[in-house]
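Worksheet: one structure, shown below.
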Amino acid sequence: MLRAAEAAVSDPAPANCIADGEATAAVGMSVPGPGAERNRNRAVLVSRETQTRPQPEKRGQAEAIRLPVAANMAMVAAVSMARARRIVFANQKGGVGKTTTAVNLGAALAVAGKRVLLVDFDPQANSSTSLGCDGEQGGSYELITGVLPPEELIQHTAVPGYEVVPSSINLAGAAVELVNQSRREFYLSDALNDLDTAYDYLFIDCPPSLGLLTINGLTAASQVIIPLQCEYFALEGLSELLKTIRRVQGTLNPALTVGGILFTMFDVRTRLSQEVVREVTEFFRHQVFRTIIPRNVRLGEAPSYSQPIQLYDPKCIGARSYNALAREVAQHG
Ligand SMILES: Nc1ncnc2c1ncn2[C@@H]1O[C@H](COP(=O)(O)OP(=O)(O)O)[C@@H](O)[C@H]1O
Ligand SMILES: [Mg+2]
């Protein structure tokens, strides 16, 4: 089965999109209101006066200046249309590989030349620390509330082109503060609008819950990747998660698609792992990624060295698996 996992790693798959647009009535979700109202609410939400976000510089503008006008116009149009793919990693179960996947898939794409911003949207801040960043000076809470402009919140990682908006425990308060705000599900989505053209990928790492933070993540994204641990209770909660995704698709974010279910921590030595993969694949068919992430001790070690796997041990099976996943994701946007 290791061979099967390795074969999957080196064999990128066709698109596995669920794209289930079934409209389901939202339960307990507010509908979008006018932007002005939202801005007023943001001002109420944050203790300081909301600052205007300066627009990040659009890539390619400097080069465009030297081109003839027609080419210049075409380039400006192309640049302004090239919006980041927003991918959210969600599963209300903890310890299934959301953070490990967000961190290392992001690094693999950055190593391949893509510009990636990972927004740590979990107050536990595991993806921040995994990449040697911390949100003490501000992070995703300050991003969504507009307390600080994005350029003061974005931190570089050791991988060129790979940047992070870190998280901190401040974000735990956001879920409570947002509850009574209208458009409370759109805070992250609106904040990311300012960053869309500066990156190829915007990643959102969610906390292990289906609360307001995860709803903000699903509302902000164009795709959701669902890491599924190859363990006995793997499917526990999956139907609840899919129901939540359908509700978001039906009301808050019709453009949301399911990028795929990703098997993580596949253990070659256990029949259980193989059974989980077989049964879930039978049931979800084209909705699973062909790349399978094996259990790999190096993936578990890398965060304590504040490095993505591509720097910590680029040749290990964990690194190669996430590189294969990056190819699969990049090919089937
Ligand atoms: N493929 C893997 N092999 C070995 N350890 C892993 C793997 N994926 C994740 N881990 C470890 O399992 C734990 C939980 O993973 P994590 O990505 O933090 O899950 P989540 O974000 O869903 O809570 C972490 O200690 C992480 O280092
Ligand atoms: Mg996590």
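In the structure tokens, the first chain shown is A, the next is B, and so on; residue numbers restart at 1 for each chain, and ligands run from 1 in the order shown.
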>> Can you tell me, as a list of chain:residue names, which residues in stretch 72-225 of chain A count as strand (DSSP E or B) by DSSP?
In response: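 Matching residues, listed in order: A:Arg85, A:Arg86, A:Ile87, A:Val88, A:Phe89, A:Val116, A:Leu117, A:Leu118, A:Val119, A:Asp120, A:Gln155, A:His156, A:Tyr162, A:Glu163, A:Val164, A:Val165, A:Tyr201, A:Leu202, A:Phe203, A:Ile204, A:Asp205, A:Gln223, A:Val224, A:Ile225.
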Could you build a table of the residues in chain A lying no more than 6 Å from ligand 1, giving for each the nearest pair of atoms and their separation in Å rounded to one decimal place, using only C-alpha atoms and all ligand atoms, ordered by chain and ascending residue number, as a Markdown table?
| residue | atom | partner | partner_atom_place_in_ligand_line | distance |
| --- | --- | --- | --- | --- |
| A:Gly94 | CA | ligand 1 | 23 (O) | 3.9 |
| A:Gly95 | CA | ligand 1 | 23 (O) | 3.4 |
| A:Val96 | CA | ligand 1 | 22 (O) | 3.8 |
| A:Gly97 | CA | ligand 1 | 17 (O) | 3.2 |
| A:Lys98 | CA | ligand 1 | 22 (O) | 3.8 |
| A:Thr99 | CA | ligand 1 | 21 (O) | 3.7 |
| A:Thr100 | CA | ligand 1 | 17 (O) | 3.6 |
| A:Thr264 | CA | ligand 1 | 1 (N) | 5.4 |
| A:Met265 | CA | ligand 1 | 1 (N) | 4.0 |
| A:Ile293 | CA | ligand 1 | 1 (N) | 5.5 |
| A:Pro294 | CA | ligand 1 | 1 (N) | 5.1 |
| A:Arg295 | CA | ligand 1 | 3 (N) | 3.5 |
| A:Asn296 | CA | ligand 1 | 3 (N) | 3.9 |
| A:Val297 | CA | ligand 1 | 4 (C) | 4.9 |
| A:Leu299 | CA | ligand 1 | 4 (C) | 5.1 |
| A:Gly300 | CA | ligand 1 | 27 (O) | 3.5 |
Next, dump the selected residues to file, keeping only C-alpha atoms, as a PDB file, in the first residue's frame.
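To be explicit, this is the file written out as again.pdb:
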ATOM      1  CA  GLY A  94      -8.894  18.445  15.490  1.00  0.00           C
ATOM      2  CA  GLY A  95      -5.635  16.713  14.644  1.00  0.00           C
ATOM      3  CA  VAL A  96      -6.620  15.578  11.142  1.00  0.00           C
ATOM      4  CA  GLY A  97      -3.925  17.490   9.254  1.00  0.00           C
ATOM      5  CA  LYS A  98      -5.536  20.840   8.368  1.00  0.00           C
ATOM      6  CA  THR A  99      -2.564  22.866   9.562  1.00  0.00           C
ATOM      7  CA  THR A 100       0.064  20.430   8.282  1.00  0.00           C
ATOM      8  CA  THR A 264      -3.851  12.205   5.622  1.00  0.00           C
ATOM      9  CA  MET A 265      -1.689  10.144   7.965  1.00  0.00           C
ATOM     10  CA  ILE A 293      -0.473  11.910   2.503  1.00  0.00           C
ATOM     11  CA  PRO A 294       1.242   9.097   4.421  1.00  0.00           C
ATOM     12  CA  ARG A 295       2.019   9.167   8.103  1.00  0.00           C
ATOM     13  CA  ASN A 296       5.577  10.434   8.159  1.00  0.00           C
ATOM     14  CA  VAL A 297       7.547  11.239  11.272  1.00  0.00           C
ATOM     15  CA  LEU A 299       6.048  15.889   8.955  1.00  0.00           C
ATOM     16  CA  GLY A 300       5.436  15.685  12.698  1.00  0.00           C
TER      17      GLY A 300
END
>> Could you pull out the alpha helix (DSSP H) residues of stretch 157-220 of chain A, going by DSSP on the backbone, and write them as a PyMOL selection string?
In response: chain A and resi 170-178+187-193+212-220
Please produce a file of the residues just selected, as a CSV table (one decimal), in the first residue's frame, where the atoms kept are N, CA and C atoms.
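What ended up in selection-v7.csv:
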chain,number,residue,atom,x,y,z
A,170,ASN,N,-6.0,36.6,20.4
A,170,ASN,CA,-7.0,37.7,20.1
A,170,ASN,C,-8.1,37.2,19.3
A,171,LEU,N,-7.8,36.2,18.4
A,171,LEU,CA,-8.8,35.8,17.4
A,171,LEU,C,-9.9,35.1,18.1
A,172,ALA,N,-9.6,34.5,19.3
A,172,ALA,CA,-10.7,33.7,20.0
A,172,ALA,C,-11.8,34.7,20.4
A,173,GLY,N,-11.4,36.0,20.7
A,173,GLY,CA,-12.4,37.0,21.1
A,173,GLY,C,-13.3,37.4,19.9
A,174,ALA,N,-12.7,37.3,18.7
A,174,ALA,CA,-13.4,37.7,17.5
A,174,ALA,C,-14.8,37.0,17.4
A,175,ALA,N,-14.7,35.7,17.6
A,175,ALA,CA,-15.9,34.9,17.4
A,175,ALA,C,-17.1,35.4,18.3
A,176,VAL,N,-16.7,35.8,19.5
A,176,VAL,CA,-17.7,36.4,20.4
A,176,VAL,C,-18.1,37.8,20.0
A,177,GLU,N,-17.1,38.6,19.6
A,177,GLU,CA,-17.4,40.0,19.2
A,177,GLU,C,-18.3,40.1,18.0
A,178,LEU,N,-18.1,39.1,17.1
A,178,LEU,CA,-18.8,39.2,15.8
A,178,LEU,C,-20.2,38.8,15.9
A,187,TYR,N,-16.5,39.0,7.4
A,187,TYR,CA,-15.3,39.8,7.8
A,187,TYR,C,-14.0,39.4,7.1
A,188,LEU,N,-13.8,38.1,7.1
A,188,LEU,CA,-12.6,37.6,6.4
A,188,LEU,C,-12.6,37.8,4.9
A,189,SER,N,-13.7,37.5,4.3
A,189,SER,CA,-13.9,37.6,2.9
A,189,SER,C,-13.6,39.1,2.5
A,190,ASP,N,-14.2,40.0,3.2
A,190,ASP,CA,-14.0,41.4,2.8
A,190,ASP,C,-12.5,41.9,3.0
A,191,ALA,N,-11.9,41.4,4.1
A,191,ALA,CA,-10.5,41.7,4.3
A,191,ALA,C,-9.6,41.2,3.2
A,192,LEU,N,-9.9,40.0,2.7
A,192,LEU,CA,-9.1,39.4,1.7
A,192,LEU,C,-9.2,40.1,0.3
A,193,ASN,N,-10.3,40.8,0.1
A,193,ASN,CA,-10.5,41.4,-1.2
A,193,ASN,C,-9.3,42.4,-1.5
A,212,LEU,N,-18.2,30.4,14.0
A,212,LEU,CA,-18.2,31.6,13.1
A,212,LEU,C,-16.9,31.8,12.4
A,213,LEU,N,-15.8,31.4,13.0
A,213,LEU,CA,-14.5,31.5,12.3
A,213,LEU,C,-14.4,30.6,11.1
A,214,THR,N,-14.9,29.4,11.2
A,214,THR,CA,-14.9,28.5,10.1
A,214,THR,C,-15.9,28.9,9.0
A,215,ILE,N,-17.0,29.5,9.5
A,215,ILE,CA,-18.0,30.0,8.5
A,215,ILE,C,-17.4,31.2,7.8
A,216,ASN,N,-16.7,32.0,8.4
A,216,ASN,CA,-16.0,33.1,7.8
A,216,ASN,C,-15.0,32.5,6.7
A,217,GLY,N,-14.3,31.5,7.1
A,217,GLY,CA,-13.3,30.8,6.2
A,217,GLY,C,-14.0,30.3,4.9
A,218,LEU,N,-15.2,29.6,5.1
A,218,LEU,CA,-15.9,29.0,4.0
A,218,LEU,C,-16.5,30.1,3.1
A,219,THR,N,-16.9,31.2,3.8
A,219,THR,CA,-17.5,32.3,3.0
A,219,THR,C,-16.5,33.1,2.2
A,220,ALA,N,-15.3,33.0,2.7
A,220,ALA,CA,-14.2,33.8,2.0
A,220,ALA,C,-13.6,33.0,0.8
> Pick from A:Asp200, A:Glu231, A:Asp267, A:Asp120: nearest to A:Leu143, with only C-alpha atoms counted?
Replying inline: A:Asp120
> Looking at only C-alpha atoms and all ligand atoms, which of A:Glu185, A:Glu279, A:Asp194, A:Asp205 is the one that sits closest to ligand 2?
Replying inline: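 Selected residue with least distance to ligand 2: A:Asp205.
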> What do you get as a PyMOL selection string if you pick all residues at most 12 Å from ligand 2, counting only C-alpha atoms and all ligand atoms?
Replying inline: chain A and resi 88-103+119-130+167+204-209+214+227+303
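Proximity to A:Val159 was assessed for A:Gly237, A:Gly106, A:Gly318, A:Gly250 counting only C-alpha atoms; the smallest distance is recorded for A:Gly106.
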>> Show me, as a list in words, the residues that have an atom within 12 Å of A:Arg271 when counting only C-alpha atoms, minus same-chain residues fewer than 3 positions from it.
In response: Met1, Leu2, Cys230, Glu231, Tyr232, Phe266, Asp267, Val268, Gln274, Glu275, Val276, Val277 and Arg278 of chain A
> So how many Å separate atom CA of A:Thr157 and atom CA of A:Thr145, to one decimal?
Replying inline: 23.7 Å
>> Would you pick out the contacts of A:Gly113 at 12 Å or less, using only C-alpha atoms, so that residues sharing its chain but fewer than 6 positions from it are not included, and give the list as number ranges by chain?
In response: A: 106-107, 159-162, 199-201, 326-327, 330
> Which is closest to A:Arg86 among A:Ser273, A:Gln229, A:Ser239, A:Gln223, if we use only C-alpha atoms?
Replying inline: A:Gln223
> How many Å lie between atom CA of A:Glu301 and atom CA of A:Gln331, rounded to one decimal?
Replying inline: 29.1 Å
